[in-house]
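What follows is the content of structure04.tsv (TSV, C-alpha atoms and all ligand atoms).
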```tsv
chain	number	residue	atom	x	y	z
D	1	MET	CA	-30.05	-4.54	-52.47
D	2	LYS	CA	-31.17	-5.95	-49.11
D	3	ARG	CA	-28.13	-6.46	-46.92
D	4	ILE	CA	-27.92	-9.82	-45.19
D	5	TYR	CA	-26.23	-10.18	-41.83
D	6	LEU	CA	-24.82	-13.62	-41.04
D	7	ASP	CA	-22.21	-12.71	-38.45
D	8	HIS	CA	-24.15	-12.90	-35.19
D	9	SER	CA	-21.22	-14.36	-33.24
D	10	ALA	CA	-19.37	-11.10	-33.83
D	11	THR	CA	-22.25	-9.00	-32.59
D	12	THR	CA	-26.03	-8.77	-32.76
D	13	PRO	CA	-28.31	-5.83	-33.48
D	14	VAL	CA	-29.91	-4.23	-30.44
D	15	ASP	CA	-33.47	-5.56	-30.14
D	16	PRO	CA	-36.08	-2.75	-30.34
D	17	LYS	CA	-37.45	-3.86	-26.93
D	18	VAL	CA	-33.98	-3.48	-25.43
D	19	LEU	CA	-33.54	-0.05	-26.98
D	20	ARG	CA	-36.92	1.02	-25.63
D	21	ALA	CA	-35.92	-0.06	-22.12
D	22	MET	CA	-32.60	1.81	-22.37
D	23	LYS	CA	-33.83	5.12	-23.80
D	24	PRO	CA	-35.11	6.81	-20.61
D	25	TYR	CA	-31.71	6.32	-18.98
D	26	PHE	CA	-30.08	8.55	-21.61
D	27	THR	CA	-32.59	11.35	-21.04
D	28	ALA	CA	-34.96	11.83	-18.07
D	29	ASP	CA	-33.41	9.15	-15.84
D	30	PHE	CA	-29.78	10.09	-16.46
D	31	GLY	CA	-28.72	10.08	-12.79
D	32	ASN	CA	-25.62	8.52	-11.31
D	33	ALA	CA	-26.67	5.28	-9.61
D	34	SER	CA	-24.50	6.20	-6.61
D	35	SER	CA	-26.23	9.55	-5.99
D	36	LEU	CA	-28.60	9.69	-3.06
D	37	HIS	CA	-31.18	12.04	-4.61
D	38	SER	CA	-34.16	10.91	-6.66
D	39	PHE	CA	-32.25	11.04	-9.96
D	40	GLY	CA	-29.72	8.65	-8.51
D	41	GLN	CA	-32.40	6.43	-7.02
D	42	LYS	CA	-34.12	6.08	-10.40
D	43	ALA	CA	-30.82	5.00	-11.99
D	44	ARG	CA	-30.08	2.65	-9.07
D	45	ALA	CA	-33.50	1.05	-9.47
D	46	GLY	CA	-32.73	0.43	-13.15
D	47	VAL	CA	-29.41	-1.22	-12.31
D	48	GLU	CA	-30.88	-3.39	-9.56
D	49	LYS	CA	-33.79	-4.52	-11.74
D	50	ALA	CA	-31.25	-5.58	-14.38
D	51	ARG	CA	-29.26	-7.46	-11.74
D	52	GLU	CA	-32.40	-9.38	-10.80
D	53	GLN	CA	-33.15	-10.13	-14.44
D	54	VAL	CA	-29.67	-11.61	-14.89
D	55	ALA	CA	-29.91	-13.50	-11.59
D	56	LYS	CA	-33.20	-15.04	-12.70
D	57	PHE	CA	-31.60	-16.26	-15.95
D	58	LEU	CA	-28.56	-17.70	-14.17
D	59	GLU	CA	-30.63	-18.92	-11.20
D	60	CYS	CA	-28.27	-17.27	-8.75
D	61	GLU	CA	-28.57	-14.56	-6.13
D	62	SER	CA	-28.59	-11.01	-7.46
D	63	LYS	CA	-25.61	-10.11	-5.24
D	64	GLU	CA	-23.60	-12.66	-7.22
D	65	VAL	CA	-24.02	-10.62	-10.43
D	66	ILE	CA	-21.34	-8.02	-11.16
D	67	PHE	CA	-21.72	-5.66	-14.12
D	68	THR	CA	-18.62	-4.96	-16.21
D	69	SER	CA	-17.74	-3.27	-19.50
D	70	GLY	CA	-18.07	-6.55	-21.40
D	71	ALA	CA	-16.91	-10.13	-21.37
D	72	THR	CA	-13.30	-9.18	-21.97
D	73	GLU	CA	-13.31	-7.41	-18.63
D	74	SER	CA	-15.33	-10.20	-17.00
D	75	ASN	CA	-12.74	-12.77	-18.08
D	76	ASN	CA	-9.87	-10.54	-16.95
D	77	LEU	CA	-11.55	-10.08	-13.57
D	78	ALA	CA	-12.22	-13.80	-13.15
D	79	LEU	CA	-8.68	-14.92	-13.95
D	80	PHE	CA	-6.54	-12.09	-12.61
D	81	GLY	CA	-8.86	-11.59	-9.64
D	82	LEU	CA	-8.69	-15.18	-8.46
D	83	VAL	CA	-4.98	-15.70	-9.06
D	84	ARG	CA	-4.00	-12.43	-7.41
D	85	ARG	CA	-6.11	-13.18	-4.38
D	86	ALA	CA	-4.42	-16.57	-4.00
D	87	ARG	CA	-1.03	-14.90	-4.34
D	88	ALA	CA	-1.97	-12.15	-1.87
D	89	LEU	CA	-2.52	-14.80	0.79
D	90	ASP	CA	0.77	-16.53	0.10
D	91	LEU	CA	3.29	-14.71	-2.05
D	92	LYS	CA	5.43	-17.80	-2.53
D	93	ARG	CA	2.53	-19.96	-3.54
D	94	LYS	CA	2.93	-21.95	-6.75
D	95	VAL	CA	-0.10	-21.28	-8.91
D	96	HIS	CA	-1.35	-23.37	-11.81
D	97	VAL	CA	-4.22	-22.53	-14.16
D	98	ILE	CA	-5.86	-24.80	-16.74
D	99	THR	CA	-7.57	-23.52	-19.83
D	100	SER	CA	-8.11	-24.76	-23.38
D	101	ALA	CA	-6.23	-24.01	-26.57
D	102	ILE	CA	-9.41	-22.76	-28.24
D	103	GLU	CA	-10.44	-20.03	-25.79
D	104	HIS	CA	-11.21	-16.50	-26.96
D	105	PRO	CA	-8.25	-14.09	-26.76
D	106	ALA	CA	-10.03	-12.52	-23.76
D	107	VAL	CA	-8.87	-15.62	-21.85
D	108	LEU	CA	-5.75	-16.63	-23.77
D	109	GLU	CA	-4.17	-13.18	-23.56
D	110	VAL	CA	-4.88	-13.03	-19.83
D	111	CYS	CA	-3.12	-16.38	-19.45
D	112	ARG	CA	-0.19	-14.99	-21.40
D	113	GLU	CA	0.03	-12.12	-18.92
D	114	LEU	CA	-0.34	-14.49	-15.97
D	115	LYS	CA	2.63	-16.48	-17.22
D	116	LYS	CA	4.71	-13.30	-16.88
D	117	GLU	CA	3.66	-13.34	-13.21
D	118	GLU	CA	5.12	-16.86	-12.82
D	119	VAL	CA	1.76	-18.58	-13.08
D	120	GLU	CA	1.94	-21.93	-14.82
D	121	VAL	CA	-0.71	-22.45	-17.46
D	122	THR	CA	-1.80	-25.68	-19.13
D	123	TYR	CA	-3.60	-25.35	-22.44
D	124	LEU	CA	-5.78	-28.40	-22.97
D	125	PRO	CA	-5.77	-29.74	-26.51
D	126	VAL	CA	-9.04	-30.40	-28.31
D	127	SER	CA	-10.27	-33.24	-30.51
D	128	ARG	CA	-10.58	-32.91	-34.30
D	129	ALA	CA	-14.22	-32.04	-33.60
D	130	GLY	CA	-13.22	-29.11	-31.39
D	131	LEU	CA	-14.06	-30.59	-28.01
D	132	VAL	CA	-12.09	-30.71	-24.77
D	133	ARG	CA	-11.57	-34.30	-23.55
D	134	LEU	CA	-12.35	-35.13	-19.93
D	135	GLU	CA	-9.29	-37.40	-19.59
D	136	ASP	CA	-7.14	-34.38	-20.48
D	137	VAL	CA	-8.80	-32.29	-17.79
D	138	LYS	CA	-8.17	-35.01	-15.19
D	139	LYS	CA	-4.56	-35.46	-16.28
D	140	ALA	CA	-3.81	-31.74	-16.18
D	141	ILE	CA	-4.91	-31.16	-12.57
D	142	ARG	CA	-1.99	-30.67	-10.15
D	143	PRO	CA	-1.84	-29.93	-6.42
D	144	GLU	CA	-1.13	-26.27	-7.33
D	145	THR	CA	-4.13	-25.94	-9.67
D	146	ILE	CA	-6.43	-23.21	-8.39
D	147	LEU	CA	-8.45	-22.31	-11.47
D	148	ILE	CA	-9.89	-23.99	-14.54
D	149	SER	CA	-11.34	-21.75	-17.24
D	150	ILE	CA	-13.07	-23.49	-20.14
D	151	MET	CA	-15.45	-21.73	-22.50
D	152	TYR	CA	-19.02	-23.01	-22.72
D	153	VAL	CA	-19.34	-22.51	-26.49
D	154	ASN	CA	-16.52	-21.77	-28.90
D	155	ASN	CA	-16.95	-18.57	-30.88
D	156	GLU	CA	-15.47	-19.89	-34.13
D	157	VAL	CA	-16.84	-23.40	-34.52
D	158	GLY	CA	-19.75	-23.29	-32.07
D	159	THR	CA	-18.81	-26.47	-30.21
D	160	ILE	CA	-20.43	-26.94	-26.80
D	161	GLN	CA	-17.86	-27.97	-24.20
D	162	PRO	CA	-18.74	-30.53	-21.48
D	163	ILE	CA	-19.00	-27.97	-18.67
D	164	GLN	CA	-21.14	-30.09	-16.32
D	165	GLU	CA	-18.78	-33.06	-16.67
D	166	ILE	CA	-15.71	-30.91	-16.03
D	167	SER	CA	-17.41	-29.45	-12.98
D	168	GLN	CA	-18.02	-33.00	-11.72
D	169	ILE	CA	-14.32	-33.82	-12.05
D	170	ILE	CA	-13.43	-30.65	-10.13
D	171	LYS	CA	-15.97	-31.46	-7.41
D	172	GLU	CA	-14.40	-34.89	-6.91
D	173	VAL	CA	-10.90	-33.42	-6.66
D	174	ASN	CA	-12.09	-30.67	-4.32
D	175	ALA	CA	-13.68	-33.24	-2.00
D	176	GLY	CA	-10.17	-34.32	-1.08
D	177	ARG	CA	-8.78	-30.82	-0.65
D	178	GLY	CA	-8.94	-28.11	1.99
D	179	LYS	CA	-10.69	-24.78	1.36
D	180	GLU	CA	-7.39	-23.00	0.68
D	181	ASP	CA	-6.48	-25.50	-2.07
D	182	LYS	CA	-9.83	-25.57	-3.77
D	183	ILE	CA	-10.02	-25.45	-7.56
D	184	TYR	CA	-12.40	-22.80	-8.87
D	185	PHE	CA	-14.19	-23.16	-12.19
D	186	HIS	CA	-14.83	-20.30	-14.61
D	187	THR	CA	-16.65	-20.49	-17.92
D	188	ASP	CA	-16.88	-17.91	-20.68
D	189	ALA	CA	-20.53	-18.32	-21.66
D	190	VAL	CA	-20.65	-15.42	-24.13
D	191	GLN	CA	-21.53	-17.58	-27.14
D	192	ALA	CA	-23.73	-19.95	-25.14
D	193	ALA	CA	-26.32	-17.57	-23.71
D	194	ASN	CA	-28.60	-17.52	-26.77
D	195	PHE	CA	-28.72	-21.29	-27.05
D	196	CYS	CA	-27.71	-23.17	-23.90
D	197	ASP	CA	-28.85	-23.64	-20.32
D	198	CYS	CA	-26.81	-21.16	-18.29
D	199	ARG	CA	-28.09	-21.96	-14.80
D	200	VAL	CA	-24.92	-21.75	-12.78
D	201	ASP	CA	-25.74	-24.41	-10.18
D	202	TRP	CA	-26.78	-26.86	-12.85
D	203	LEU	CA	-23.51	-26.15	-14.67
D	204	GLY	CA	-21.52	-26.30	-11.44
D	205	VAL	CA	-19.42	-23.18	-12.09
D	206	ASP	CA	-18.02	-20.61	-9.66
D	207	MET	CA	-17.73	-17.84	-12.23
D	208	LEU	CA	-19.42	-17.21	-15.58
D	209	SER	CA	-18.97	-14.40	-18.13
D	210	LEU	CA	-21.66	-12.88	-20.35
D	211	SER	CA	-21.67	-10.09	-22.90
D	212	ALA	CA	-24.72	-7.96	-23.78
D	213	HIS	CA	-23.89	-7.36	-27.43
D	214	LYS	CA	-24.05	-11.05	-28.34
D	215	ILE	CA	-27.62	-11.36	-27.06
D	216	TYR	CA	-29.28	-8.38	-28.79
D	217	GLY	CA	-28.14	-5.94	-26.12
D	218	PRO	CA	-25.75	-2.99	-26.34
D	219	LYS	CA	-21.99	-3.10	-26.76
D	220	GLY	CA	-19.86	-2.23	-23.76
D	221	THR	CA	-21.77	-4.11	-21.04
D	222	GLY	CA	-21.07	-7.50	-19.55
D	223	VAL	CA	-21.57	-9.61	-16.48
D	224	LEU	CA	-19.39	-11.73	-14.28
D	225	PHE	CA	-21.30	-14.13	-12.07
D	226	ILE	CA	-19.22	-14.73	-8.95
D	227	LYS	CA	-20.53	-17.43	-6.64
D	228	SER	CA	-20.63	-16.29	-3.02
D	229	GLY	CA	-17.42	-17.25	-1.25
D	230	THR	CA	-15.25	-17.21	-4.37
D	231	PRO	CA	-12.09	-15.36	-3.31
D	232	LEU	CA	-11.38	-12.58	-5.77
D	233	LEU	CA	-9.44	-9.32	-5.75
D	234	PRO	CA	-10.65	-6.43	-7.89
D	235	ILE	CA	-8.61	-5.42	-10.91
D	236	ILE	CA	-10.10	-1.92	-11.23
D	237	PHE	CA	-9.88	0.41	-8.24
D	238	GLY	CA	-11.84	3.56	-7.53
D	239	GLY	CA	-15.23	4.49	-6.11
D	240	HIS	CA	-16.16	1.02	-4.78
D	241	GLN	CA	-19.14	0.47	-7.07
D	242	GLU	CA	-20.38	-3.09	-7.59
D	243	ARG	CA	-19.58	-3.99	-3.96
D	244	GLY	CA	-16.00	-2.85	-4.47
D	245	ILE	CA	-15.34	-5.60	-6.99
D	246	ARG	CA	-15.67	-3.35	-10.03
D	247	SER	CA	-15.23	0.36	-9.42
D	248	GLY	CA	-16.44	2.94	-11.94
D	249	THR	CA	-19.72	4.76	-12.45
D	250	GLU	CA	-22.25	2.23	-13.68
D	251	ASN	CA	-23.17	2.31	-17.37
D	252	VAL	CA	-26.81	2.54	-16.36
D	253	ALA	CA	-28.41	2.50	-19.82
D	254	GLY	CA	-26.12	-0.35	-20.90
D	255	ILE	CA	-26.87	-2.36	-17.77
D	256	VAL	CA	-30.61	-1.82	-18.19
D	257	GLY	CA	-30.24	-2.98	-21.80
D	258	MET	CA	-28.34	-6.05	-20.70
D	259	GLY	CA	-31.04	-6.87	-18.13
D	260	ARG	CA	-33.79	-6.59	-20.73
D	261	ALA	CA	-31.81	-8.66	-23.27
D	262	VAL	CA	-31.25	-11.40	-20.69
D	263	GLU	CA	-34.88	-11.26	-19.65
D	264	MET	CA	-35.84	-12.09	-23.24
D	265	LEU	CA	-33.70	-15.23	-22.95
D	266	THR	CA	-35.80	-16.44	-20.05
D	267	ASP	CA	-38.87	-16.74	-22.33
D	268	LYS	CA	-38.23	-20.44	-22.94
D	269	ASN	CA	-41.03	-20.97	-25.51
D	270	GLU	CA	-39.94	-18.02	-27.61
D	271	ILE	CA	-36.27	-19.06	-27.46
D	272	LYS	CA	-37.17	-22.61	-28.47
D	273	LYS	CA	-39.04	-21.28	-31.50
D	274	ILE	CA	-36.22	-18.91	-32.50
D	275	ASN	CA	-33.57	-21.60	-32.18
D	276	ALA	CA	-35.59	-24.20	-34.08
D	277	ASN	CA	-35.82	-21.75	-36.98
D	278	ILE	CA	-32.12	-20.91	-36.77
D	279	LYS	CA	-31.24	-24.61	-36.78
D	280	LYS	CA	-33.37	-25.22	-39.84
D	281	LEU	CA	-31.60	-22.44	-41.73
D	282	ARG	CA	-28.15	-23.58	-40.60
D	283	ASP	CA	-28.81	-27.22	-41.49
D	284	LYS	CA	-30.07	-26.26	-44.94
D	285	LEU	CA	-26.95	-24.17	-45.54
D	286	VAL	CA	-24.59	-26.90	-44.37
D	287	GLY	CA	-26.32	-29.61	-46.40
D	288	GLU	CA	-26.33	-27.57	-49.60
D	289	ILE	CA	-22.78	-26.21	-49.26
D	290	LEU	CA	-21.33	-29.67	-48.71
D	291	LYS	CA	-23.26	-30.87	-51.76
D	292	LYS	CA	-22.63	-27.92	-54.07
D	293	ILE	CA	-19.03	-26.92	-53.35
D	294	PRO	CA	-16.39	-29.56	-54.10
D	295	SER	CA	-14.11	-30.44	-51.18
D	296	ALA	CA	-15.90	-28.12	-48.75
D	297	ILE	CA	-15.37	-29.13	-45.11
D	298	LEU	CA	-17.58	-28.41	-42.11
D	299	ASN	CA	-15.46	-27.64	-39.04
D	300	GLY	CA	-16.54	-28.65	-35.56
D	301	ASP	CA	-18.64	-31.42	-34.13
D	302	LEU	CA	-21.89	-32.11	-35.99
D	303	LYS	CA	-24.05	-32.55	-32.87
D	304	GLN	CA	-22.23	-30.88	-29.98
D	305	ARG	CA	-22.58	-27.40	-31.47
D	306	VAL	CA	-24.97	-24.49	-31.15
D	307	PRO	CA	-27.65	-24.23	-33.86
D	308	GLY	CA	-26.51	-20.80	-35.05
D	309	ASN	CA	-23.00	-21.77	-36.17
D	310	ALA	CA	-21.65	-23.12	-39.43
D	311	ASN	CA	-17.90	-22.99	-40.07
D	312	PHE	CA	-16.48	-24.17	-43.39
D	313	CYS	CA	-13.08	-24.55	-44.98
D	314	PHE	CA	-12.75	-24.21	-48.74
D	315	LYS	CA	-9.45	-25.55	-49.99
D	316	ASN	CA	-7.25	-23.37	-52.22
D	317	VAL	CA	-9.01	-20.09	-51.47
D	318	GLU	CA	-8.54	-17.35	-48.89
D	319	GLY	CA	-11.42	-16.86	-46.45
D	320	GLU	CA	-10.82	-13.09	-46.66
D	321	SER	CA	-11.37	-13.09	-50.43
D	322	ILE	CA	-14.64	-14.94	-49.97
D	323	LEU	CA	-15.68	-12.51	-47.22
D	324	LEU	CA	-14.96	-9.47	-49.41
D	325	MET	CA	-16.73	-10.88	-52.45
D	326	LEU	CA	-19.75	-11.80	-50.38
D	327	ASP	CA	-19.72	-8.30	-48.90
D	328	MET	CA	-19.97	-6.90	-52.44
D	329	GLU	CA	-23.10	-9.03	-52.78
D	330	GLY	CA	-24.44	-7.47	-49.57
D	331	ILE	CA	-23.83	-10.56	-47.41
D	332	ALA	CA	-21.82	-10.29	-44.17
D	333	VAL	CA	-19.96	-13.36	-42.84
D	334	SER	CA	-16.61	-13.71	-41.09
D	335	THR	CA	-13.43	-15.68	-41.38
D	336	GLY	CA	-11.38	-17.52	-38.80
D	337	SER	CA	-8.08	-15.91	-39.67
D	338	ALA	CA	-7.06	-12.86	-37.73
D	339	CYS	CA	-5.34	-10.08	-39.60
D	340	SER	CA	-2.62	-9.02	-37.23
D	341	SER	CA	0.29	-6.71	-38.06
D	342	GLY	CA	-0.27	-7.10	-41.77
D	343	SER	CA	0.04	-10.86	-41.83
D	344	LEU	CA	-2.79	-13.32	-41.78
D	345	GLU	CA	-2.50	-15.66	-38.83
D	346	PRO	CA	-4.32	-18.95	-39.23
D	347	SER	CA	-7.13	-19.46	-36.73
D	348	HIS	CA	-5.77	-20.79	-33.43
D	349	VAL	CA	-9.01	-22.73	-32.99
D	350	LEU	CA	-8.82	-24.60	-36.29
D	351	THR	CA	-5.09	-25.11	-35.80
D	352	ALA	CA	-5.73	-26.66	-32.37
D	353	MET	CA	-8.30	-28.94	-34.02
D	354	GLY	CA	-5.59	-30.20	-36.34
D	355	VAL	CA	-6.70	-28.44	-39.53
D	356	SER	CA	-3.65	-27.77	-41.70
D	357	PRO	CA	-2.58	-24.12	-42.12
D	358	GLU	CA	-3.31	-24.07	-45.89
D	359	VAL	CA	-6.84	-25.28	-45.30
D	360	THR	CA	-7.35	-22.99	-42.30
D	361	HIS	CA	-6.82	-19.95	-44.51
D	362	GLY	CA	-9.95	-20.84	-46.45
D	363	SER	CA	-12.24	-20.74	-43.44
D	364	VAL	CA	-15.57	-18.95	-43.40
D	365	ARG	CA	-17.91	-18.64	-40.43
D	366	VAL	CA	-21.63	-18.12	-40.93
D	367	THR	CA	-23.58	-17.38	-37.77
D	368	PHE	CA	-27.35	-17.01	-37.75
D	369	GLY	CA	-29.60	-14.80	-35.67
D	370	LYS	CA	-33.28	-14.48	-34.93
D	371	ASP	CA	-34.02	-12.17	-37.88
D	372	ASN	CA	-32.56	-14.41	-40.58
D	373	SER	CA	-34.90	-16.03	-43.06
D	374	ARG	CA	-34.94	-18.79	-45.66
D	375	GLU	CA	-34.41	-16.13	-48.36
D	376	ASP	CA	-31.12	-15.13	-46.69
D	377	VAL	CA	-29.84	-18.70	-46.95
D	378	GLU	CA	-31.03	-18.96	-50.53
D	379	ARG	CA	-29.21	-15.75	-51.51
D	380	LEU	CA	-26.01	-17.03	-49.92
D	381	LEU	CA	-26.39	-20.40	-51.63
D	382	LYS	CA	-26.94	-18.65	-54.95
D	383	VAL	CA	-23.68	-16.70	-54.85
D	384	LEU	CA	-21.20	-18.64	-52.69
D	385	PRO	CA	-20.49	-21.63	-54.99
D	386	GLY	CA	-19.72	-19.26	-57.87
D	387	ILE	CA	-17.43	-17.11	-55.70
D	388	VAL	CA	-15.45	-20.14	-54.51
D	389	ALA	CA	-15.18	-21.49	-58.07
D	390	ARG	CA	-13.98	-18.10	-59.42
D	391	LEU	CA	-11.40	-17.73	-56.66
D	392	ARG	CA	-10.17	-21.29	-57.16
D	393	LYS	CA	-9.69	-20.61	-60.88
D	394	MET	CA	-7.53	-17.60	-59.98
D	395	SER	CA	-5.56	-19.52	-57.34
D	396	PRO	CA	-1.97	-20.39	-58.25
D	397	ILE	CA	-2.23	-23.49	-56.04
D	398	LYS	CA	-2.76	-26.67	-58.00
D	399	LYS	CA	-6.20	-28.12	-57.38
D	401	LIG	C1	-16.27	-16.35	-26.48
D	401	LIG	C2	-16.06	-14.87	-26.32
D	401	LIG	N1	-15.54	-14.40	-25.19
D	401	LIG	C3	-15.33	-13.10	-24.97
D	401	LIG	C4	-15.65	-12.17	-25.93
D	401	LIG	C5	-15.40	-10.71	-25.66
D	401	LIG	O1	-16.60	-10.08	-25.34
D	401	LIG	P1	-16.74	-8.50	-25.30
D	401	LIG	O2	-16.84	-8.07	-26.73
D	401	LIG	O3	-18.01	-8.25	-24.54
D	401	LIG	O4	-15.55	-7.96	-24.61
D	401	LIG	C6	-16.19	-12.60	-27.15
D	401	LIG	C7	-16.49	-11.65	-28.22
D	401	LIG	O5	-16.27	-11.90	-29.39
D	401	LIG	C8	-16.41	-13.99	-27.34
D	401	LIG	O6	-16.93	-14.47	-28.47
```
Please express the file's structure as structure tokens.
Ligand SMILES: Cc1ncc(COP(=O)(O)O)c(C=O)c1O
Amino acid sequence: MKRIYLDHSATTPVDPKVLRAMKPYFTADFGNASSLHSFGQKARAGVEKAREQVAKFLECESKEVIFTSGATESNNLALFGLVRRARALDLKRKVHVITSAIEHPAVLEVCRELKKEEVEVTYLPVSRAGLVRLEDVKKAIRPETILISIMYVNNEVGTIQPIQEISQIIKEVNAGRGKEDKIYFHTDAVQAANFCDCRVDWLGVDMLSLSAHKIYGPKGTGVLFIKSGTPLLPIIFGGHQERGIRSGTENVAGIVGMGRAVEMLTDKNEIKKINANIKKLRDKLVGEILKKIPSAILNGDLKQRVPGNANFCFKNVEGESILLMLDMEGIAVSTGSACSSGSLEPSHVLTAMGVSPEVTHGSVRVTFGKDNSREDVERLLKVLPGIVARLRKMSPIKK
């Protein structure tokens, strides 16, 4: 049975071209990028080429690209780094951060920690379609606000947030403030990189996070773009690598892989072709599911979403049961609920969108990648309606 992977928002396979670029750095070119000898220089050259590849994609300077262990670390560095720097200058300073209720835990959990450090955090609500509203951003800004962190694309429902418009609001507020009171803008662009324009000046962001394993690169490598002049303290201390902002011996092979993966994203014609195909597959799936499965719901805005994402709720069934039954058919998808400490928590994203907890439990996310085909969609369409019908028959909840 051919296995079908439809969970590309969780992770993507490493592209053979990426693997090819990485391989020498595990063997012949294994040096430490900080070593002065030729082994080290070879590794350093690999790292710096990757930095340029990322800088080209983001249209920034290569010195503004910092390599990390992944987007979780990038987000931690952006939020903790900025807040702690502000506090270091003035210990008594009141600090306020704005984020959204639908961020990835790599932002929400940082905010939870920041609250323990007496930082005030505002979680912006979202519309039923899963979008942050600009009026809410404006209303939330206070004199103490120093940082706004809003994700570019949501990982569960694929909605594209109005980053440029938020940046415009921040610019207008900053025009009336001194340098010390400036609001900085961070975006988690992990789920956007495959589909959206990530040029940082065009977006108007001061910091932006990326992860290699969502763009056909290796796991365990990420990037934080930090615009020159953004005041930030490191959160990891040691050998002063990455200009002292992120100590630790560079993951050379991983960084080289990230550079190559990002470079592939700069091939605009190829990306356009890939995404047109992905959109066709996704639209076919959505159309057929809504037709074939009674009371199926599509979550998230219809237009303001990336082409790779479809997120459904099926009433009176558990998303986990669907996931497991599809897995037995060789099809991998995911569900919005998070299994934590033995209990199933409803998705915080769907909850913030106003989906009721009973319905949230029946959520299934299907995310497409560049290797998916029409046959994959047809196989899913062949088995999913039957699975939902069987589970509904077994459900004690009255239909
Ligand atoms: C939106 C978003 N941010 C951050 C992360 C964390 O990235 P990493 O796995 O590189 O730590 C993910 C991964 O699922 C994500 O989807």
Q) Using only C-alpha atoms and all ligand atoms, which protein or nucleic acid residues are at most 8 Å from ligand LIG 401 (chain D), as a PyMOL selection string? A) chain D and resi 9-11+69-75+103-107+151+153-156+188-191+209-214+219-222
Q) Between D:Ile289, D:Ala389, D:Ala50, D:Ile183, which has the minimum distance to Thr145 (chain D) (counting only C-alpha atoms)? A) D:Ile183
Q: Quote the spacing between CA of Arg87 (chain D) and CA of Lys227 (chain D) in Å to one decimal place.
A: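 Calculated distance between CA of Arg87 (chain D) and CA of Lys227 (chain D) is 19.8 Å.
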Q | Residue with smallest distance to Leu77 (chain D) - pool D:Pro231, D:Leu302, D:Thr351, D:Gly178, counting all atoms listed in the file | A |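 Nearest candidate to Leu77 (chain D) out of D:Pro231, D:Leu302, D:Thr351, D:Gly178: D:Pro231.
For the pair CA of Ile293 (chain D) and CA of Pro385 (chain D), the interatomic distance is 5.7 Å.
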Q) How far is it from CA of Asp327 (chain D) to CA of Lys17 (chain D), in Å with one decimal? A)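 One can read the CA of Asp327 (chain D) to CA of Lys17 (chain D) distance as 28.6 Å.
Proximity of D:Asp90, D:Glu61, D:Glu144, D:Glu113 to Asp201 (chain D), computed with all atoms listed in the file, is greatest for D:Glu61.
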Q: Show which residues sit within 7 Å of Pro307 (chain D), as a ChimeraX atom specification. Count only C-alpha atoms, and ignore same-chain residues fewer than 2 positions away.
A: /D:275,278-279,282,305,309
Q. Using all atoms listed in the file, which residue out of D:Pro357, D:Gly204, D:Gly362, D:Gly330 lies closest to Tyr5 (chain D)?
A. D:Gly330
Q. When distances are computed from all atoms listed in the file, which of D:Gly300, D:Pro294, D:Gly319, D:Pro162 shows the smallest separation from Leu203 (chain D)?
A. D:Pro162
Sort by chain and increasing residue number a table of all residues of region 53-142 of chain D within 7 Å of region 258-271 of chain D, each with its closest pair of atoms and their distance in Å to one decimal, counting all atoms listed in the file, and write it as a tab-separated table.
```
residue	atom	partner	partner_atom	distance
D:Gln53	CA	D:Gly259	CA	5.4
D:Val54	CA	D:Gly259	CA	5.9
D:Phe57	CA	D:Thr266	CA	5.9
```
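For Ala332 (chain D), the list of residues within 9 Å, based on all atoms listed in the file and with local chain neighbours fewer than 3 positions off taken out, reads D:Arg3, D:Ile4, D:Tyr5, D:Leu6, D:Asp7, D:Leu323, D:Leu324, D:Leu326, D:Asp327, D:Glu329, D:Val366.
When only C-alpha atoms are used to measure the gap to Val173 (chain D), the shortest distance among D:Val137, D:Met207, D:Val47, D:Val223 belongs to D:Val137.
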What residues have an atom no more than 12 Å from (-25.3, 2.7, -19.3) in the file's own frame, counting all atoms listed in the file, and can you write them as a compact mmCIF listing (two decimals) with C-alpha atoms, in the frame of the given file?
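Here's the written file selection.txt:
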```txt
# COMPACT_ATOMS: atom_id res chain seq x y z
CA LEU D 19 -33.54 -0.05 -26.98
CA ALA D 21 -35.92 -0.06 -22.12
CA MET D 22 -32.60 1.81 -22.37
CA LYS D 23 -33.83 5.12 -23.80
CA PRO D 24 -35.11 6.81 -20.61
CA TYR D 25 -31.71 6.32 -18.98
CA PHE D 26 -30.08 8.55 -21.61
CA THR D 27 -32.59 11.35 -21.04
CA ASP D 29 -33.41 9.15 -15.84
CA PHE D 30 -29.78 10.09 -16.46
CA GLY D 31 -28.72 10.08 -12.79
CA ASN D 32 -25.62 8.52 -11.31
CA ALA D 33 -26.67 5.28 -9.61
CA ALA D 43 -30.82 5.00 -11.99
CA ARG D 44 -30.08 2.65 -9.07
CA GLY D 46 -32.73 0.43 -13.15
CA VAL D 47 -29.41 -1.22 -12.31
CA ALA D 50 -31.25 -5.58 -14.38
CA PHE D 67 -21.72 -5.66 -14.12
CA THR D 68 -18.62 -4.96 -16.21
CA SER D 69 -17.74 -3.27 -19.50
CA GLY D 70 -18.07 -6.55 -21.40
CA ALA D 212 -24.72 -7.96 -23.78
CA GLY D 217 -28.14 -5.94 -26.12
CA PRO D 218 -25.75 -2.99 -26.34
CA LYS D 219 -21.99 -3.10 -26.76
CA GLY D 220 -19.86 -2.23 -23.76
CA THR D 221 -21.77 -4.11 -21.04
CA GLY D 222 -21.07 -7.50 -19.55
CA GLY D 248 -16.44 2.94 -11.94
CA THR D 249 -19.72 4.76 -12.45
CA GLU D 250 -22.25 2.23 -13.68
CA ASN D 251 -23.17 2.31 -17.37
CA VAL D 252 -26.81 2.54 -16.36
CA ALA D 253 -28.41 2.50 -19.82
CA GLY D 254 -26.12 -0.35 -20.90
CA ILE D 255 -26.87 -2.36 -17.77
CA VAL D 256 -30.61 -1.82 -18.19
CA GLY D 257 -30.24 -2.98 -21.80
CA MET D 258 -28.34 -6.05 -20.70
CA GLY D 259 -31.04 -6.87 -18.13
```
